[in-house]
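Engineer: Dropping in protein09.pdb, with PDB, C-alpha atoms, pLDDT in the B column.
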```
MODEL        1
ATOM      1  CA  MET A  18     -34.003 -63.605  91.926  1.00 74.00           C
ATOM      2  CA  ARG A  19     -34.493 -66.121  94.669  1.00 81.00           C
ATOM      3  CA  ASN A  20     -35.974 -69.558  93.945  1.00 82.00           C
ATOM      4  CA  PHE A  21     -39.578 -69.900  95.046  1.00 84.00           C
ATOM      5  CA  LEU A  22     -39.109 -73.575  95.884  1.00 85.00           C
ATOM      6  CA  PRO A  23     -35.720 -75.076  96.724  1.00 88.00           C
ATOM      7  CA  ASN A  24     -34.466 -77.672  94.236  1.00 92.00           C
ATOM      8  CA  SER A  25     -34.249 -80.262  97.005  1.00 94.00           C
ATOM      9  CA  VAL A  26     -37.963 -79.924  97.787  1.00 95.00           C
ATOM     10  CA  ALA A  27     -38.876 -80.118  94.091  1.00 95.00           C
ATOM     11  CA  ARG A  28     -36.644 -83.190  93.659  1.00 97.00           C
ATOM     12  CA  ILE A  29     -38.274 -84.954  96.615  1.00 97.00           C
ATOM     13  CA  ILE A  30     -41.800 -84.156  95.413  1.00 97.00           C
ATOM     14  CA  PHE A  31     -40.816 -85.369  91.939  1.00 98.00           C
ATOM     15  CA  GLY A  32     -39.516 -88.588  93.508  1.00 98.00           C
ATOM     16  CA  LEU A  33     -42.709 -89.091  95.514  1.00 98.00           C
ATOM     17  CA  THR A  34     -44.713 -88.614  92.328  1.00 98.00           C
ATOM     18  CA  MET A  35     -42.662 -91.354  90.647  1.00 98.00           C
ATOM     19  CA  ALA A  36     -43.286 -93.595  93.668  1.00 98.00           C
ATOM     20  CA  PHE A  37     -47.023 -92.987  93.276  1.00 98.00           C
ATOM     21  CA  PHE A  38     -46.874 -93.992  89.593  1.00 98.00           C
ATOM     22  CA  GLY A  39     -44.713 -97.013  90.455  1.00 98.00           C
ATOM     23  CA  LEU A  40     -47.121 -98.228  93.118  1.00 98.00           C
ATOM     24  CA  GLY A  41     -49.959 -97.766  90.630  1.00 98.00           C
ATOM     25  CA  HIS A  42     -48.162-100.075  88.219  1.00 98.00           C
ATOM     26  CA  LEU A  43     -47.609-102.685  90.920  1.00 98.00           C
ATOM     27  CA  THR A  44     -51.191-102.608  92.221  1.00 98.00           C
ATOM     28  CA  SER A  45     -52.926-102.398  88.827  1.00 98.00           C
ATOM     29  CA  ALA A  46     -50.611-104.455  86.623  1.00 97.00           C
ATOM     30  CA  LYS A  47     -53.368-106.688  85.294  1.00 95.00           C
ATOM     31  CA  GLN A  48     -55.490-103.730  84.165  1.00 95.00           C
ATOM     32  CA  MET A  49     -52.509-101.790  82.777  1.00 95.00           C
ATOM     33  CA  SER A  50     -51.282-104.790  80.816  1.00 94.00           C
ATOM     34  CA  GLY A  51     -54.379-104.348  78.646  1.00 91.00           C
ATOM     35  CA  MET A  52     -52.574-101.414  77.034  1.00 89.00           C
ATOM     36  CA  LEU A  53     -49.960-103.887  75.819  1.00 90.00           C
ATOM     37  CA  GLN A  54     -52.257-106.240  73.927  1.00 83.00           C
ATOM     38  CA  GLY A  55     -50.260-108.650  71.856  1.00 88.00           C
ATOM     39  CA  TRP A  56     -47.075-108.105  73.840  1.00 91.00           C
ATOM     40  CA  PRO A  57     -45.476-111.198  75.361  1.00 93.00           C
ATOM     41  CA  MET A  58     -45.366-111.103  79.162  1.00 96.00           C
ATOM     42  CA  ALA A  59     -47.322-107.816  79.214  1.00 96.00           C
ATOM     43  CA  GLU A  60     -48.198-108.034  82.908  1.00 96.00           C
ATOM     44  CA  ILE A  61     -44.582-108.753  83.842  1.00 97.00           C
ATOM     45  CA  LEU A  62     -43.466-105.697  81.828  1.00 97.00           C
ATOM     46  CA  VAL A  63     -45.887-103.542  83.829  1.00 97.00           C
ATOM     47  CA  TYR A  64     -44.425-104.902  87.086  1.00 98.00           C
ATOM     48  CA  ILE A  65     -40.884-104.227  85.841  1.00 98.00           C
ATOM     49  CA  THR A  66     -41.874-100.677  84.902  1.00 98.00           C
ATOM     50  CA  GLY A  67     -43.352-100.175  88.378  1.00 98.00           C
ATOM     51  CA  ILE A  68     -40.155-101.378  90.018  1.00 98.00           C
ATOM     52  CA  CYS A  69     -38.071 -99.060  87.803  1.00 98.00           C
ATOM     53  CA  LEU A  70     -40.271 -96.104  88.757  1.00 98.00           C
ATOM     54  CA  ILE A  71     -39.932 -96.911  92.458  1.00 98.00           C
ATOM     55  CA  LEU A  72     -36.152 -97.272  92.186  1.00 98.00           C
ATOM     56  CA  ALA A  73     -35.968 -93.890  90.449  1.00 98.00           C
ATOM     57  CA  ALA A  74     -38.200 -92.451  93.185  1.00 98.00           C
ATOM     58  CA  ILE A  75     -35.886 -93.721  95.910  1.00 98.00           C
ATOM     59  CA  SER A  76     -32.903 -92.228  94.124  1.00 98.00           C
ATOM     60  CA  PHE A  77     -34.566 -88.814  93.845  1.00 98.00           C
ATOM     61  CA  VAL A  78     -35.813 -88.798  97.446  1.00 98.00           C
ATOM     62  CA  ILE A  79     -32.500 -89.823  99.032  1.00 98.00           C
ATOM     63  CA  ASN A  80     -30.478 -87.762  96.522  1.00 97.00           C
ATOM     64  CA  LYS A  81     -28.181 -90.603  95.465  1.00 98.00           C
ATOM     65  CA  MET A  82     -27.255 -91.345  91.854  1.00 98.00           C
ATOM     66  CA  VAL A  83     -29.789 -88.761  90.648  1.00 98.00           C
ATOM     67  CA  LYS A  84     -27.893 -88.090  87.425  1.00 98.00           C
ATOM     68  CA  LEU A  85     -27.966 -91.751  86.355  1.00 98.00           C
ATOM     69  CA  SER A  86     -31.518 -92.292  87.619  1.00 98.00           C
ATOM     70  CA  GLY A  87     -32.796 -89.187  85.874  1.00 98.00           C
ATOM     71  CA  TYR A  88     -31.330 -90.177  82.526  1.00 98.00           C
ATOM     72  CA  LEU A  89     -32.531 -93.786  82.859  1.00 98.00           C
ATOM     73  CA  LEU A  90     -36.017 -92.616  83.869  1.00 98.00           C
ATOM     74  CA  ALA A  91     -36.119 -90.312  80.831  1.00 98.00           C
ATOM     75  CA  LEU A  92     -35.050 -93.218  78.602  1.00 98.00           C
ATOM     76  CA  LEU A  93     -37.717 -95.508  80.082  1.00 98.00           C
ATOM     77  CA  LEU A  94     -40.432 -92.899  79.627  1.00 98.00           C
ATOM     78  CA  THR A  95     -39.346 -92.178  76.049  1.00 98.00           C
ATOM     79  CA  ILE A  96     -39.518 -95.890  75.235  1.00 97.00           C
ATOM     80  CA  ILE A  97     -43.011 -96.003  76.776  1.00 97.00           C
ATOM     81  CA  VAL A  98     -44.075 -93.016  74.665  1.00 97.00           C
ATOM     82  CA  ILE A  99     -42.818 -94.646  71.462  1.00 96.00           C
ATOM     83  CA  ALA A 100     -43.933 -98.217  72.164  1.00 94.00           C
ATOM     84  CA  VAL A 101     -47.148 -97.753  74.174  1.00 95.00           C
ATOM     85  CA  HIS A 102     -48.694 -94.317  73.689  1.00 95.00           C
ATOM     86  CA  ALA A 103     -47.678 -93.254  70.154  1.00 96.00           C
ATOM     87  CA  PRO A 104     -49.407 -96.180  68.389  1.00 94.00           C
ATOM     88  CA  GLY A 105     -52.690 -95.037  69.941  1.00 94.00           C
ATOM     89  CA  LEU A 106     -52.433 -91.620  68.289  1.00 95.00           C
ATOM     90  CA  GLY A 107     -53.879 -93.144  65.126  1.00 94.00           C
ATOM     91  CA  ALA A 108     -56.766 -94.906  66.860  1.00 92.00           C
ATOM     92  CA  ALA A 109     -60.201 -94.719  65.252  1.00 94.00           C
ATOM     93  CA  ASP A 110     -61.848 -94.225  68.648  1.00 94.00           C
ATOM     94  CA  GLU A 111     -61.619 -90.564  69.676  1.00 96.00           C
ATOM     95  CA  MET A 112     -61.361 -91.361  73.408  1.00 96.00           C
ATOM     96  CA  ALA A 113     -58.491 -93.793  72.776  1.00 93.00           C
ATOM     97  CA  LYS A 114     -56.756 -91.153  70.671  1.00 96.00           C
ATOM     98  CA  GLN A 115     -57.218 -88.562  73.426  1.00 97.00           C
ATOM     99  CA  MET A 116     -55.846 -90.932  76.086  1.00 96.00           C
ATOM    100  CA  ALA A 117     -52.833 -91.682  73.877  1.00 96.00           C
ATOM    101  CA  THR A 118     -52.204 -87.958  73.414  1.00 98.00           C
ATOM    102  CA  ILE A 119     -52.386 -87.389  77.170  1.00 98.00           C
ATOM    103  CA  GLY A 120     -49.964 -90.275  77.732  1.00 97.00           C
ATOM    104  CA  VAL A 121     -47.477 -88.887  75.199  1.00 98.00           C
ATOM    105  CA  VAL A 122     -47.560 -85.356  76.627  1.00 98.00           C
ATOM    106  CA  LYS A 123     -47.466 -86.520  80.270  1.00 98.00           C
ATOM    107  CA  ASP A 124     -44.601 -88.946  79.850  1.00 98.00           C
ATOM    108  CA  LEU A 125     -42.514 -86.610  77.682  1.00 98.00           C
ATOM    109  CA  GLY A 126     -43.023 -83.825  80.237  1.00 98.00           C
ATOM    110  CA  ILE A 127     -41.955 -86.091  83.089  1.00 98.00           C
ATOM    111  CA  ALA A 128     -38.970 -87.308  81.032  1.00 98.00           C
ATOM    112  CA  MET A 129     -37.815 -83.719  80.486  1.00 98.00           C
ATOM    113  CA  GLY A 130     -38.200 -83.032  84.214  1.00 98.00           C
ATOM    114  CA  ALA A 131     -36.067 -86.083  84.956  1.00 98.00           C
ATOM    115  CA  ILE A 132     -33.415 -84.793  82.542  1.00 98.00           C
ATOM    116  CA  ALA A 133     -33.506 -81.351  84.181  1.00 97.00           C
ATOM    117  CA  PHE A 134     -32.937 -82.898  87.620  1.00 97.00           C
ATOM    118  CA  ALA A 135     -30.190 -85.140  86.205  1.00 97.00           C
ATOM    119  CA  ASN A 136     -28.457 -82.165  84.557  1.00 97.00           C
ATOM    120  CA  ALA A 137     -28.590 -80.184  87.811  1.00 95.00           C
ATOM    121  CA  SER A 138     -27.343 -83.062  89.951  1.00 95.00           C
ATOM    122  CA  GLU A 139     -23.804 -83.455  91.202  1.00 92.00           C
ATOM    123  CA  ASN A 140     -24.249 -87.186  91.828  1.00 88.00           C
TER     124      ASN A 140
ENDMDL
END
```
Could I get this structure in the form of structure tokens?

Structural biologist:
Amino acid sequence: MRNFLPNSVARIIFGLTMAFFGLGHLTSAKQMSGMLQGWPMAEILVYITGICLILAAISFVINKMVKLSGYLLALLLTIIVIAVHAPGLGAADEMAKQMATIGVVKDLGIAMGAIAFANASEN
């Protein structure tokens, strides 16, 4: 059976999606740092995360070092799930709990996509 969408197109769209998330981190770092209450240098960590997402995006779009970038992106997202989203799963506020659940599912799904692209990559 023939692929509906070539892997190269999917990889580029995936990369552009990561760029979108990265730019969101860079333009909304102050607001996003509120999710890291009590963390030292929370705003700087958001900026660093944004830069990492953009670097991964560049790698996926230009198809260079995709294997390494995919695995590192998956690691970053897994750390974010454990350190940022998972603690909110026990929140008393139902909306906070729902947002944490969405964050866990979204980031784990993206991490698995990154691993799939890394596994399929020759470089």

Engineer: Quick one: axis-aligned box around all listed atoms of range 60-71 of chain A, 3 Å on every side, centre and edge lengths in Å to one decimal, written as AutoDock Vina command-line options.

Structural biologist:
```
--center_x -43.1 --center_y -102.4 --center_z 87.1 --size_x 16.1 --size_y 18.6 --size_z 16.6
```

Engineer: Could you tell me which residues the PyMOL selection byres ((chain A and resi 94-111) around 8) returns for this structure, as a ChimeraX atom specification?

Structural biologist: /A:52-53,90-93,112-115,117-118,120-121,124-125,127-128

Engineer: Between A:Met116, A:Met58, A:Ala46, A:Ala73, which one has atoms that come closest to Phe31 in chain A, using only C-alpha atoms?

Structural biologist: A:Ala73

Engineer: Residues within 10 Å of Ser45 in chain A, please, as number ranges by chain. Count only C-alpha atoms; anything in the same chain fewer than 4 positions from it doesn't count.

Structural biologist: A: 39-41, 49-50, 60, 63-64, 67

Engineer: Tell me which protein, DNA and RNA residues are within 12 Å of Ala137 in chain A, counting only C-alpha atoms, leaving out same-chain ones fewer than 2 positions away, and put them as a list in words.

Structural biologist: Asn24, Ser25, Arg28, Asn80, Met82, Val83, Lys84, Leu85, Gly87, Tyr88, Gly130, Ala131, Ile132, Ala133, Phe134, Ala135, Glu139 and Asn140 of chain A

Engineer: At most 9 Å from (-45.1, -96.5, 90.9), file frame, all atoms listed in the file: which residues, as an MDAnalysis selection string?

Structural biologist: chainID A and resid 34:44 66:71 74

Engineer: Identify which of the residues A:Ser86, A:Ile61, A:Lys47, A:Ser76 lies closest to Asn136 in chain A, counting all atoms listed in the file when measuring atom-to-atom distances.

Structural biologist: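 Using all atoms listed in the file, the shortest distance to Asn136 in chain A belongs to A:Ser86.
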